[in-house]
Amino acid sequence: MEIKAIIFDVDGTLADTEDAHRIAFNRAFAENKLDWNWDVALYDRLLEVTGGKERIRYFIETCLPNFVKPDDYEGFVKNLHAVKTGHYTAMLRDGLIPLRPGIKQLIADARRAGIMLAIATTTSPENVATLLEVGLGKDWADYFSANGCGDIVPHKKPAPDIYEWVLRELKLNPADCIAIEDSHNGLCSALAAGIKTYITTNPYTRKQDFTGAAAVFDGLNDLPGFYRIIGL
Ligand code: XBP
Ligand code: MG
């Protein structure tokens, strides 16, 4: 197989972001005078649902049976999530969330080899832009031929929508691409779009089910080894 494009998940794959997301959610709750606290164990469970707004709704539905929803419930969730995004991007701008080892080199090597790069994530365009501007530099967007983020598709991962959107943008068949993911939901999404998928685990996803993955790594520290396995 000749790899024409590498499609990257963002959260957990390009950077270990989930704890920063968790802290940002907690700051948004405190700022909105809500006595909610998502600790690591609870967040681990809430990660079953992708997307920040969807995760807040899931928490309310499953953990707060007595919560009285405000009249504008959608607006309430949207506002809470916007405040969370503000806290999260501030942490990114403060340089608290570096790219994972090997990522910058992999991107440079792929570009040199003429392989297209793309993003397929459930997180917001704002979060992706801030992470990659800090991690790769101001011209980061020039590196990516498709940038699939957040709410541009109706169904988030594990649905295949975001990967299908990226494939349309790239004008490539699934067989021309590989995906790099960190989670079960991400794997299901990429596989459902027909894309061969490699996993790099992180502390939140290490014990998840990766049946169907082409290979599972605990990181990309050993890039030559990774290239051998993926056939580059
Ligand atoms: C990541 C997510 C995201 C982040 C929060 O999933 O589920 O929801 O946790 O980001 P993936 P937002 O890595 O599979 O894309 O709050 O911006 O949604
Ligand atoms: Mg992920």
# chains A, B, ... in the order shown; residues from 1 in each chain; ligands from 1

$ residues_near_ligand --ligand "ligand 1" --cutoff "6 Å" --atoms "only C-alpha atoms and all ligand atoms" --output "count of residues only"
14

$ residues_around --residues "Ala120 (chain A)" --least-positions-apart "6" --cutoff "10 Å" --atoms "only C-alpha atoms" --output "list in words"
Ile7, Phe8, Asp9, Val10, Ala146, Asn147, Gly148, Cys149, Gly150, Lys157, Asp161, Ile162, Tyr163, Glu164, Trp165, Val166, Leu167, Ala179, Ile180, Glu181, Gly186, Ser189 and Ala190 of chain A

$ write_last_selection --atoms "C-alpha atoms" --output "PDB file, in the first residue's frame"
ATOM      1  CA  ILE A   7      -5.085  11.530   9.085  1.00  0.00           C
ATOM      2  CA  PHE A   8      -4.452  12.524  12.686  1.00  0.00           C
ATOM      3  CA  ASP A   9      -6.796  12.535  15.625  1.00  0.00           C
ATOM      4  CA  VAL A  10      -5.947  15.464  17.938  1.00  0.00           C
ATOM      5  CA  ALA A 146      -7.970  18.944   5.355  1.00  0.00           C
ATOM      6  CA  ASN A 147      -8.915  20.107   8.812  1.00  0.00           C
ATOM      7  CA  GLY A 148     -11.964  18.201  10.074  1.00  0.00           C
ATOM      8  CA  CYS A 149     -13.084  19.560  13.443  1.00  0.00           C
ATOM      9  CA  GLY A 150     -15.967  19.617  15.901  1.00  0.00           C
ATOM     10  CA  LYS A 157     -16.902   9.781  16.786  1.00  0.00           C
ATOM     11  CA  ASP A 161     -18.733  11.176   9.629  1.00  0.00           C
ATOM     12  CA  ILE A 162     -15.595  13.193  10.376  1.00  0.00           C
ATOM     13  CA  TYR A 163     -13.294  10.731   8.576  1.00  0.00           C
ATOM     14  CA  GLU A 164     -15.684  10.595   5.600  1.00  0.00           C
ATOM     15  CA  TRP A 165     -15.674  14.409   5.515  1.00  0.00           C
ATOM     16  CA  VAL A 166     -11.859  14.426   5.481  1.00  0.00           C
ATOM     17  CA  LEU A 167     -11.701  11.799   2.709  1.00  0.00           C
ATOM     18  CA  ALA A 179      -5.363   7.150  10.558  1.00  0.00           C
ATOM     19  CA  ILE A 180      -3.568   7.641  13.856  1.00  0.00           C
ATOM     20  CA  GLU A 181      -5.861   7.520  16.880  1.00  0.00           C
ATOM     21  CA  GLY A 186     -11.612   7.163  17.447  1.00  0.00           C
ATOM     22  CA  SER A 189     -14.816   6.054  13.673  1.00  0.00           C
ATOM     23  CA  ALA A 190     -11.819   5.568  11.378  1.00  0.00           C
TER      24      ALA A 190
END

$ atom_distance --atom1 "CA of Gly135 (chain A)" --atom2 "CA of Ala30 (chain A)"
28.8 Å

$ select_by_dssp --residues "region 11-124 of chain A" --states "alpha helix (DSSP H)" --output "VMD selection string"
chain A and resid 18 to 31 40 to 46 52 to 63 73 to 93 103 to 112

$ residues_around --residues "Ala90 (chain A)" --least-positions-apart "6" --cutoff "10 Å" --atoms "only C-alpha atoms" --output "ChimeraX atom specification"
/A:24,84,96,127,130

$ write_last_selection --atoms "N, CA and C atoms" --output "mmCIF file, in the first residue's frame"
data_model
loop_
_atom_site.group_PDB
_atom_site.id
_atom_site.type_symbol
_atom_site.label_atom_id
_atom_site.label_comp_id
_atom_site.auth_asym_id
_atom_site.auth_seq_id
_atom_site.Cartn_x
_atom_site.Cartn_y
_atom_site.Cartn_z
ATOM 1 N N ALA A 24 -10.112 22.364 32.521
ATOM 2 C CA ALA A 24 -10.836 23.497 31.924
ATOM 3 C C ALA A 24 -12.341 23.368 32.160
ATOM 4 N N LYS A 84 -15.421 26.955 28.984
ATOM 5 C CA LYS A 84 -14.407 25.882 29.075
ATOM 6 C C LYS A 84 -13.350 26.041 27.973
ATOM 7 N N LEU A 96 1.345 24.816 28.249
ATOM 8 C CA LEU A 96 1.249 23.723 29.226
ATOM 9 C C LEU A 96 1.035 22.360 28.573
ATOM 10 N N ASN A 127 -9.602 25.100 19.367
ATOM 11 C CA ASN A 127 -8.646 24.313 20.159
ATOM 12 C C ASN A 127 -7.522 23.762 19.285
ATOM 13 N N THR A 130 -5.099 26.595 18.211
ATOM 14 C CA THR A 130 -4.215 27.065 19.286
ATOM 15 C C THR A 130 -3.146 26.022 19.593
#

$ closest_residue --among "A:Asn79, A:Asn66, A:Thr17, A:Asn173" --to "Met91 (chain A)" --atoms "only C-alpha atoms"
A:Thr17

$ closest_residue --among "A:Leu131, A:Leu223, A:Ile97, A:Ala15" --to "ligand 2" --atoms "only C-alpha atoms and all ligand atoms"
A:Ala15

$ atom_distance --atom1 "CA of Lys207 (chain A)" --atom2 "CA of Leu46 (chain A)"
15.1 Å

$ closest_residue --among "A:His184, A:Arg168, A:Arg55, A:Lys4" --to "ligand 2" --atoms "only C-alpha atoms and all ligand atoms"
A:His184

$ closest_residue --among "A:Asp109, A:Glu48, A:Glu126, A:Asp35" --to "ligand 2" --atoms "only C-alpha atoms and all ligand atoms"
A:Glu48

$ residues_around --residues "region 74-78 of chain A" --least-positions-apart "4" --cutoff "8 Å" --atoms "only C-alpha atoms" --output "JSON, numbers by chain"
{"A": [53, 56, 57, 70, 82]}

$ residues_around --residues "Pro224 (chain A)" --least-positions-apart "6" --cutoff "12 Å" --atoms "only C-alpha atoms" --output "list in words"
Gly102, Gln105, Leu106, Asp109, Ile230, Gly231 and Leu232 of chain A

$ residues_around --residues "Tyr143 (chain A)" --least-positions-apart "3" --cutoff "9 Å" --atoms "only C-alpha atoms" --output "list in words"
Ile107, Arg111, Met116, Leu117, Ala118, Asp139 and Trp140 of chain A
